[in-house]
$ cat work.cif   # mmCIF, C-alpha atoms
data_final
#
loop_
_atom_site.group_PDB
_atom_site.id
_atom_site.type_symbol
_atom_site.label_atom_id
_atom_site.label_comp_id
_atom_site.auth_asym_id
_atom_site.auth_seq_id
_atom_site.Cartn_x
_atom_site.Cartn_y
_atom_site.Cartn_z
ATOM 1 C CA MET A 905 1.020 100.544 41.142
ATOM 2 C CA SER A 906 3.205 101.320 44.146
ATOM 3 C CA ASP A 907 6.218 99.245 45.124
ATOM 4 C CA PHE A 908 5.488 96.514 47.631
ATOM 5 C CA ASN A 909 7.874 96.017 50.513
ATOM 6 C CA ARG A 910 8.127 92.288 49.663
ATOM 7 C CA VAL A 911 7.196 90.940 53.088
ATOM 8 C CA PHE A 912 4.841 88.005 52.635
ATOM 9 C CA HIS A 913 3.911 85.542 55.366
ATOM 10 C CA HIS A 914 2.206 83.343 52.783
ATOM 11 C CA ILE A 915 4.452 81.988 50.013
ATOM 12 C CA ILE A 916 3.809 78.903 47.899
ATOM 13 C CA PRO A 917 5.848 77.261 45.136
ATOM 14 C CA LEU A 918 4.238 77.273 41.701
ATOM 15 C CA GLN A 919 4.512 74.666 38.986
ATOM 16 C CA ILE A 920 5.228 75.735 35.427
ATOM 17 C CA ARG A 921 3.401 73.418 33.064
ATOM 18 C CA PHE A 922 4.498 72.557 29.531
ATOM 19 C CA ASN A 923 1.430 74.335 28.158
ATOM 20 C CA ASP A 924 2.299 77.571 30.044
ATOM 21 C CA ILE A 925 5.264 78.233 27.739
ATOM 22 C CA ASP A 926 4.587 80.162 24.544
ATOM 23 C CA LYS A 927 6.497 80.047 21.261
ATOM 24 C CA PHE A 928 8.928 82.666 22.578
ATOM 25 C CA GLY A 929 10.095 80.234 25.277
ATOM 26 C CA HIS A 930 8.631 82.016 28.306
ATOM 27 C CA VAL A 931 5.455 81.864 30.367
ATOM 28 C CA ASN A 932 2.612 83.619 28.580
ATOM 29 C CA ASN A 933 1.282 86.684 30.438
ATOM 30 C CA THR A 934 -2.216 85.221 30.710
ATOM 31 C CA VAL A 935 -0.849 82.347 32.819
ATOM 32 C CA TYR A 936 0.245 84.726 35.582
ATOM 33 C CA PHE A 937 -3.410 85.206 36.553
ATOM 34 C CA GLN A 938 -3.687 81.443 37.070
ATOM 35 C CA PHE A 939 -0.612 81.641 39.329
ATOM 36 C CA TYR A 940 -2.279 84.432 41.328
ATOM 37 C CA ASP A 941 -5.527 82.438 41.591
ATOM 38 C CA THR A 942 -3.649 79.387 42.867
ATOM 39 C CA ALA A 943 -1.844 81.477 45.488
ATOM 40 C CA LYS A 944 -4.939 83.292 46.764
ATOM 41 C CA THR A 945 -6.913 80.050 46.985
ATOM 42 C CA ASP A 946 -4.139 78.545 49.089
ATOM 43 C CA TYR A 947 -3.971 81.704 51.210
ATOM 44 C CA PHE A 948 -7.641 81.436 52.195
ATOM 45 C CA ALA A 949 -7.464 77.684 52.726
ATOM 46 C CA SER A 950 -4.519 78.273 55.086
ATOM 47 C CA VAL A 951 -5.658 81.402 56.905
ATOM 48 C CA CYS A 952 -9.491 81.323 56.945
ATOM 49 C CA LYS A 953 -10.155 77.670 57.617
ATOM 50 C CA ASP A 954 -13.930 78.024 58.081
ATOM 51 C CA VAL A 955 -14.707 79.143 54.507
ATOM 52 C CA ASP A 956 -17.747 77.325 53.150
ATOM 53 C CA TRP A 957 -17.049 77.314 49.407
ATOM 54 C CA GLU A 958 -20.521 75.866 48.731
ATOM 55 C CA SER A 959 -22.198 79.056 49.955
ATOM 56 C CA THR A 960 -19.482 81.710 49.656
ATOM 57 C CA ALA A 961 -17.519 82.983 46.681
ATOM 58 C CA ILE A 962 -14.683 85.465 46.494
ATOM 59 C CA VAL A 963 -14.855 87.295 43.174
ATOM 60 C CA VAL A 964 -12.467 89.679 41.478
ATOM 61 C CA ALA A 965 -13.834 93.227 41.233
ATOM 62 C CA LYS A 966 -10.599 94.771 39.962
ATOM 63 C CA ILE A 967 -7.216 93.317 39.052
ATOM 64 C CA GLU A 968 -4.051 95.059 37.959
ATOM 65 C CA ALA A 969 -0.831 93.252 37.057
ATOM 66 C CA GLU A 970 2.631 94.490 36.274
ATOM 67 C CA PHE A 971 4.931 92.214 34.276
ATOM 68 C CA ILE A 972 8.521 92.885 35.290
ATOM 69 C CA ALA A 973 10.676 90.004 34.022
ATOM 70 C CA GLN A 974 10.127 86.919 31.903
ATOM 71 C CA ILE A 975 9.631 83.504 33.435
ATOM 72 C CA GLU A 976 11.357 80.756 31.485
ATOM 73 C CA ALA A 977 10.517 77.056 31.512
ATOM 74 C CA ASN A 978 13.461 76.111 33.745
ATOM 75 C CA ASN A 979 12.782 78.759 36.412
ATOM 76 C CA ARG A 980 11.601 77.684 39.853
ATOM 77 C CA ILE A 981 8.967 80.215 40.887
ATOM 78 C CA ALA A 982 6.854 81.043 43.919
ATOM 79 C CA ALA A 983 4.067 83.452 44.798
ATOM 80 C CA GLY A 984 3.574 85.629 47.849
ATOM 81 C CA THR A 985 0.112 86.787 48.914
ATOM 82 C CA ARG A 986 -1.103 89.184 51.581
ATOM 83 C CA VAL A 987 -4.243 91.094 52.482
ATOM 84 C CA THR A 988 -3.597 94.815 52.890
ATOM 85 C CA ARG A 989 -7.119 96.163 53.388
ATOM 86 C CA ILE A 990 -10.386 94.728 54.647
ATOM 87 C CA GLY A 991 -13.606 96.632 54.055
ATOM 88 C CA ASN A 992 -17.191 95.746 54.853
ATOM 89 C CA LYS A 993 -17.720 93.487 51.815
ATOM 90 C CA SER A 994 -14.396 93.633 50.003
ATOM 91 C CA PHE A 995 -10.660 93.382 50.578
ATOM 92 C CA THR A 996 -7.427 94.136 48.760
ATOM 93 C CA LEU A 997 -4.736 91.583 47.957
ATOM 94 C CA GLU A 998 -1.136 92.252 47.017
ATOM 95 C CA GLN A 999 0.668 89.395 45.307
ATOM 96 C CA GLU A 1000 4.032 88.786 43.678
ATOM 97 C CA VAL A 1001 5.500 86.026 41.559
ATOM 98 C CA PHE A 1002 9.259 85.687 41.903
ATOM 99 C CA ASP A 1003 12.151 83.348 41.186
ATOM 100 C CA ALA A 1004 12.377 80.985 44.164
ATOM 101 C CA ASP A 1005 16.166 80.724 43.894
ATOM 102 C CA THR A 1006 17.270 84.283 43.110
ATOM 103 C CA LYS A 1007 14.226 86.143 44.531
ATOM 104 C CA GLU A 1008 14.067 88.141 41.280
ATOM 105 C CA LEU A 1009 10.652 89.751 40.981
ATOM 106 C CA LYS A 1010 8.772 88.540 37.904
ATOM 107 C CA SER A 1011 5.341 90.120 38.351
ATOM 108 C CA ARG A 1012 3.184 91.867 40.916
ATOM 109 C CA CYS A 1013 -0.565 92.096 41.201
ATOM 110 C CA LEU A 1014 -3.087 94.194 43.073
ATOM 111 C CA SER A 1015 -6.653 92.845 43.342
ATOM 112 C CA VAL A 1016 -9.857 94.082 44.912
ATOM 113 C CA MET A 1017 -11.971 91.084 45.866
ATOM 114 C CA VAL A 1018 -15.649 91.032 46.861
ATOM 115 C CA LEU A 1019 -17.404 88.437 49.006
ATOM 116 C CA TYR A 1020 -20.511 86.950 47.439
ATOM 117 C CA ASP A 1021 -23.278 84.849 48.990
ATOM 118 C CA LEU A 1022 -24.038 82.131 46.421
ATOM 119 C CA LYS A 1023 -27.383 81.168 47.951
ATOM 120 C CA ARG A 1024 -28.767 84.706 48.214
ATOM 121 C CA ARG A 1025 -27.019 85.849 45.031
ATOM 122 C CA GLN A 1026 -25.716 89.070 46.554
ATOM 123 C CA THR A 1027 -22.615 90.541 48.112
ATOM 124 C CA MET A 1028 -22.068 89.729 51.763
ATOM 125 C CA ALA A 1029 -20.393 91.239 54.798
ATOM 126 C CA PHE A 1030 -16.820 90.272 55.611
ATOM 127 C CA PRO A 1031 -17.077 87.651 58.395
ATOM 128 C CA ASP A 1032 -15.548 88.677 61.721
ATOM 129 C CA SER A 1033 -13.830 85.285 62.028
ATOM 130 C CA TRP A 1034 -12.030 85.857 58.697
ATOM 131 C CA ARG A 1035 -11.086 89.414 59.680
ATOM 132 C CA LYS A 1036 -9.630 88.198 62.977
ATOM 133 C CA ALA A 1037 -7.737 85.313 61.339
ATOM 134 C CA ILE A 1038 -6.213 87.572 58.669
ATOM 135 C CA ILE A 1039 -5.225 90.278 61.169
ATOM 136 C CA GLU A 1040 -3.531 87.677 63.372
ATOM 137 C CA TYR A 1041 -1.826 85.959 60.431
ATOM 138 C CA GLU A 1042 -0.536 89.175 58.896
ATOM 139 C CA GLY A 1043 0.543 90.533 62.297
ATOM 140 C CA LEU A 1044 -1.444 93.704 61.808
ATOM 141 C CA ALA A 1045 -3.404 95.951 64.096
ATOM 142 C CA ASP A 1046 -7.156 96.001 63.551
ATOM 143 C CA ASN A 1047 -6.846 98.915 61.124
ATOM 144 C CA LEU A 1048 -7.457 97.138 57.851
ATOM 145 C CA ARG A 1049 -10.733 98.973 57.191
#
$ encode --input "work.cif" --output "structure tokens"
Amino acid sequence: MSDFNRVFHHIIPLQIRFNDIDKFGHVNNTVYFQFYDTAKTDYFASVCKDVDWESTAIVVAKIEAEFIAQIEANNRIAAGTRVTRIGNKSFTLEQEVFDADTKELKSRCLSVMVLYDLKRRQTMAFPDSWRKAIIEYEGLADNLR
């Protein structure tokens, strides 16, 4: 996985729950994927406001995480999310979890997501309104294809 340049327009604080801590005193690696899910859900709720979650799903086609440093129970953490590529039916997300105080990188994730029409039970085209909203939010030229 390549190094990200750590510029995220979308950053949210994350809560570490009691149950997230394993017997070694740090956040279990499986919990990081819940952090990434929380952050990407908030990203789409913030950026693509017209998502109809009753008819549309965004599913993970591929996910790759790199665990860089431990998260301990007393850490304050946050997650950054950004879209780096938009295809016809899929897109790529880059995400990072980091210490909110020190900015120390804890983990990074690269995901390929696919849009799915729940009523037709098939993949669907990336809506133009979402594409436009993401391009504007990320401050990118229309070259995310």
$ resolve_selection --input "work.cif" --expression "the PyMOL selection byres ((chain A and resi 957-968) around 12)" --output "PyMOL selection string"
chain A and resi 905-906+936-937+940-941+944-945+948-949+952-956+969-971+993-1000+1011-1031
$ resolve_selection --input "work.cif" --expression "the PyMOL selection byres ((chain A and resi 911-927) around 9)" --output "short mmCIF file (atom, residue, chain, number, x, y, z; two decimals) with C-alpha atoms, in the frame of the given file"
data_model
loop_
_atom_site.label_atom_id
_atom_site.label_comp_id
_atom_site.auth_asym_id
_atom_site.auth_seq_id
_atom_site.Cartn_x
_atom_site.Cartn_y
_atom_site.Cartn_z
CA PHE A 908 5.49 96.51 47.63
CA ASN A 909 7.87 96.02 50.51
CA ARG A 910 8.13 92.29 49.66
CA PHE A 928 8.93 82.67 22.58
CA GLY A 929 10.10 80.23 25.28
CA HIS A 930 8.63 82.02 28.31
CA VAL A 931 5.46 81.86 30.37
CA ASN A 932 2.61 83.62 28.58
CA THR A 934 -2.22 85.22 30.71
CA VAL A 935 -0.85 82.35 32.82
CA PHE A 939 -0.61 81.64 39.33
CA THR A 942 -3.65 79.39 42.87
CA ALA A 943 -1.84 81.48 45.49
CA ASP A 946 -4.14 78.54 49.09
CA TYR A 947 -3.97 81.70 51.21
CA SER A 950 -4.52 78.27 55.09
CA ILE A 975 9.63 83.50 33.44
CA GLU A 976 11.36 80.76 31.48
CA ALA A 977 10.52 77.06 31.51
CA ASN A 978 13.46 76.11 33.74
CA ASN A 979 12.78 78.76 36.41
CA ARG A 980 11.60 77.68 39.85
CA ILE A 981 8.97 80.22 40.89
CA ALA A 982 6.85 81.04 43.92
CA ALA A 983 4.07 83.45 44.80
CA GLY A 984 3.57 85.63 47.85
CA THR A 985 0.11 86.79 48.91
CA ARG A 986 -1.10 89.18 51.58
CA GLN A 999 0.67 89.40 45.31
CA VAL A 1001 5.50 86.03 41.56
CA ALA A 1004 12.38 80.98 44.16
CA TYR A 1041 -1.83 85.96 60.43
CA GLU A 1042 -0.54 89.18 58.90
#
$ closest_residue --input "work.cif" --among "A:Ile972, A:Glu1008, A:Ser1033, A:Ile990" --to "Asn933 of chain A" --atoms "all atoms listed in the file"
A:Ile972
$ atom_distance --input "work.cif" --atom1 "atom CA of Gln974 of chain A" --atom2 "atom CA of Phe1002 of chain A"
10.1 Å
$ atom_distance --input "work.cif" --atom1 "atom CA of Asp1003 of chain A" --atom2 "atom CA of Ile1038 of chain A"
25.7 Å
$ atom_distance --input "work.cif" --atom1 "atom CA of Leu1009 of chain A" --atom2 "atom CA of Glu1040 of chain A"
26.6 Å
$ decode --input "work.cif" --residues "segment 906-1029 of chain A" --atoms "C-alpha atoms" --output "short mmCIF file (atom, residue, chain, number, x, y, z; two decimals), in the first residue's frame"
data_model
loop_
_atom_site.label_atom_id
_atom_site.label_comp_id
_atom_site.auth_asym_id
_atom_site.auth_seq_id
_atom_site.Cartn_x
_atom_site.Cartn_y
_atom_site.Cartn_z
CA SER A 906 1.44 3.38 -0.94
CA ASP A 907 1.88 6.22 1.53
CA PHE A 908 -1.03 8.63 1.69
CA ASN A 909 -0.31 12.33 1.78
CA ARG A 910 -2.54 12.69 4.87
CA VAL A 911 -4.82 15.41 3.51
CA PHE A 912 -8.39 14.61 4.49
CA HIS A 913 -11.30 17.03 4.25
CA HIS A 914 -13.47 14.60 6.18
CA ILE A 915 -12.30 13.76 9.71
CA ILE A 916 -14.45 12.46 12.56
CA PRO A 917 -13.61 11.60 16.17
CA LEU A 918 -14.02 7.94 17.10
CA GLN A 919 -15.09 6.49 20.42
CA ILE A 920 -13.13 3.62 21.92
CA ARG A 921 -15.51 1.34 23.75
CA PHE A 922 -14.63 -0.83 26.75
CA ASN A 923 -15.24 -3.95 24.65
CA ASP A 924 -12.78 -2.77 21.94
CA ILE A 925 -9.80 -3.37 24.25
CA ASP A 926 -8.28 -6.85 24.25
CA LYS A 927 -6.38 -8.59 27.04
CA PHE A 928 -3.15 -6.95 25.86
CA GLY A 929 -4.58 -3.52 26.71
CA HIS A 930 -4.97 -2.18 23.16
CA VAL A 931 -7.69 -2.01 20.53
CA ASN A 932 -8.07 -5.35 18.79
CA ASN A 933 -7.25 -5.25 15.05
CA THR A 934 -10.74 -6.40 14.07
CA VAL A 935 -12.21 -3.24 15.63
CA TYR A 936 -10.37 -1.00 13.16
CA PHE A 937 -12.76 -2.14 10.42
CA GLN A 938 -15.67 -0.89 12.54
CA PHE A 939 -13.86 2.46 12.85
CA TYR A 940 -13.49 2.58 9.05
CA ASP A 941 -17.17 1.69 8.56
CA THR A 942 -18.25 4.45 10.94
CA ALA A 943 -16.08 7.00 9.11
CA LYS A 944 -17.22 6.06 5.60
CA THR A 945 -20.88 6.08 6.64
CA ASP A 946 -20.43 9.59 8.02
CA TYR A 947 -18.56 10.63 4.87
CA PHE A 948 -21.48 9.69 2.62
CA ALA A 949 -24.07 11.17 4.97
CA SER A 950 -22.11 14.44 4.88
CA VAL A 951 -21.10 14.59 1.23
CA CYS A 952 -23.81 12.74 -0.74
CA LYS A 953 -26.94 13.89 1.02
CA ASP A 954 -29.40 12.31 -1.43
CA VAL A 955 -28.43 8.67 -0.74
CA ASP A 956 -31.52 6.49 -0.40
CA TRP A 957 -30.28 3.74 1.92
CA GLU A 958 -33.55 1.81 1.43
CA SER A 959 -32.74 1.19 -2.24
CA THR A 960 -28.96 1.62 -2.45
CA ALA A 961 -26.12 -0.19 -0.74
CA ILE A 962 -22.40 0.44 -0.83
CA VAL A 963 -20.57 -2.87 -0.43
CA VAL A 964 -16.92 -3.69 0.09
CA ALA A 965 -15.36 -5.47 -2.89
CA LYS A 966 -11.79 -5.30 -1.58
CA ILE A 967 -10.28 -4.01 1.65
CA GLU A 968 -6.66 -3.78 2.70
CA ALA A 969 -5.50 -2.47 6.08
CA GLU A 970 -2.09 -1.71 7.46
CA PHE A 971 -1.67 -1.65 11.24
CA ILE A 972 1.07 0.81 12.14
CA ALA A 973 0.82 1.56 15.87
CA GLN A 974 -1.27 0.31 18.77
CA ILE A 975 -4.29 2.20 20.02
CA GLU A 976 -4.60 2.13 23.79
CA ALA A 977 -7.76 2.67 25.83
CA ASN A 978 -6.83 6.23 26.85
CA ASN A 979 -6.01 7.43 23.32
CA ARG A 980 -8.27 9.97 21.64
CA ILE A 981 -8.55 8.88 18.02
CA ALA A 982 -10.05 10.14 14.78
CA ALA A 983 -10.49 8.87 11.23
CA GLY A 984 -9.94 10.60 7.92
CA THR A 985 -11.75 9.47 4.77
CA ARG A 986 -11.47 10.48 1.13
CA VAL A 987 -12.50 9.18 -2.27
CA THR A 988 -9.55 8.90 -4.66
CA ARG A 989 -11.16 7.22 -7.67
CA ILE A 990 -14.67 7.00 -9.07
CA GLY A 991 -15.45 4.42 -11.73
CA ASN A 992 -18.71 3.53 -13.43
CA LYS A 993 -20.02 1.31 -10.60
CA SER A 994 -17.25 1.43 -8.01
CA PHE A 995 -14.96 3.83 -6.19
CA THR A 996 -11.83 3.74 -4.06
CA LEU A 997 -11.58 5.05 -0.51
CA GLU A 998 -8.43 5.90 1.41
CA GLN A 999 -8.82 6.10 5.18
CA GLU A 1000 -6.58 6.57 8.20
CA VAL A 1001 -7.05 6.24 11.93
CA PHE A 1002 -4.76 8.49 13.95
CA ASP A 1003 -4.23 9.92 17.41
CA ALA A 1004 -6.32 13.10 17.58
CA ASP A 1005 -3.83 14.83 19.88
CA THR A 1006 -0.44 13.83 18.46
CA LYS A 1007 -1.54 13.02 14.88
CA GLU A 1008 0.39 9.74 15.13
CA LEU A 1009 -0.79 7.39 12.41
CA LYS A 1010 -2.30 4.20 13.85
CA SER A 1011 -3.67 2.47 10.75
CA ARG A 1012 -4.47 3.08 7.11
CA CYS A 1013 -6.96 1.40 4.84
CA LEU A 1014 -7.63 1.16 1.13
CA SER A 1015 -11.09 -0.05 0.03
CA VAL A 1016 -12.77 -0.65 -3.29
CA MET A 1017 -16.50 -0.16 -2.87
CA VAL A 1018 -19.28 -1.15 -5.28
CA LEU A 1019 -22.73 0.42 -5.57
CA TYR A 1020 -25.59 -2.06 -5.37
CA ASP A 1021 -29.28 -1.61 -6.21
CA LEU A 1022 -31.16 -3.44 -3.44
CA LYS A 1023 -34.46 -3.59 -5.34
CA ARG A 1024 -33.01 -4.95 -8.59
CA ARG A 1025 -30.36 -7.01 -6.79
CA GLN A 1026 -27.54 -5.92 -9.07
CA THR A 1027 -24.69 -3.45 -9.25
CA MET A 1028 -25.62 0.06 -10.31
CA ALA A 1029 -24.03 3.03 -12.03
#
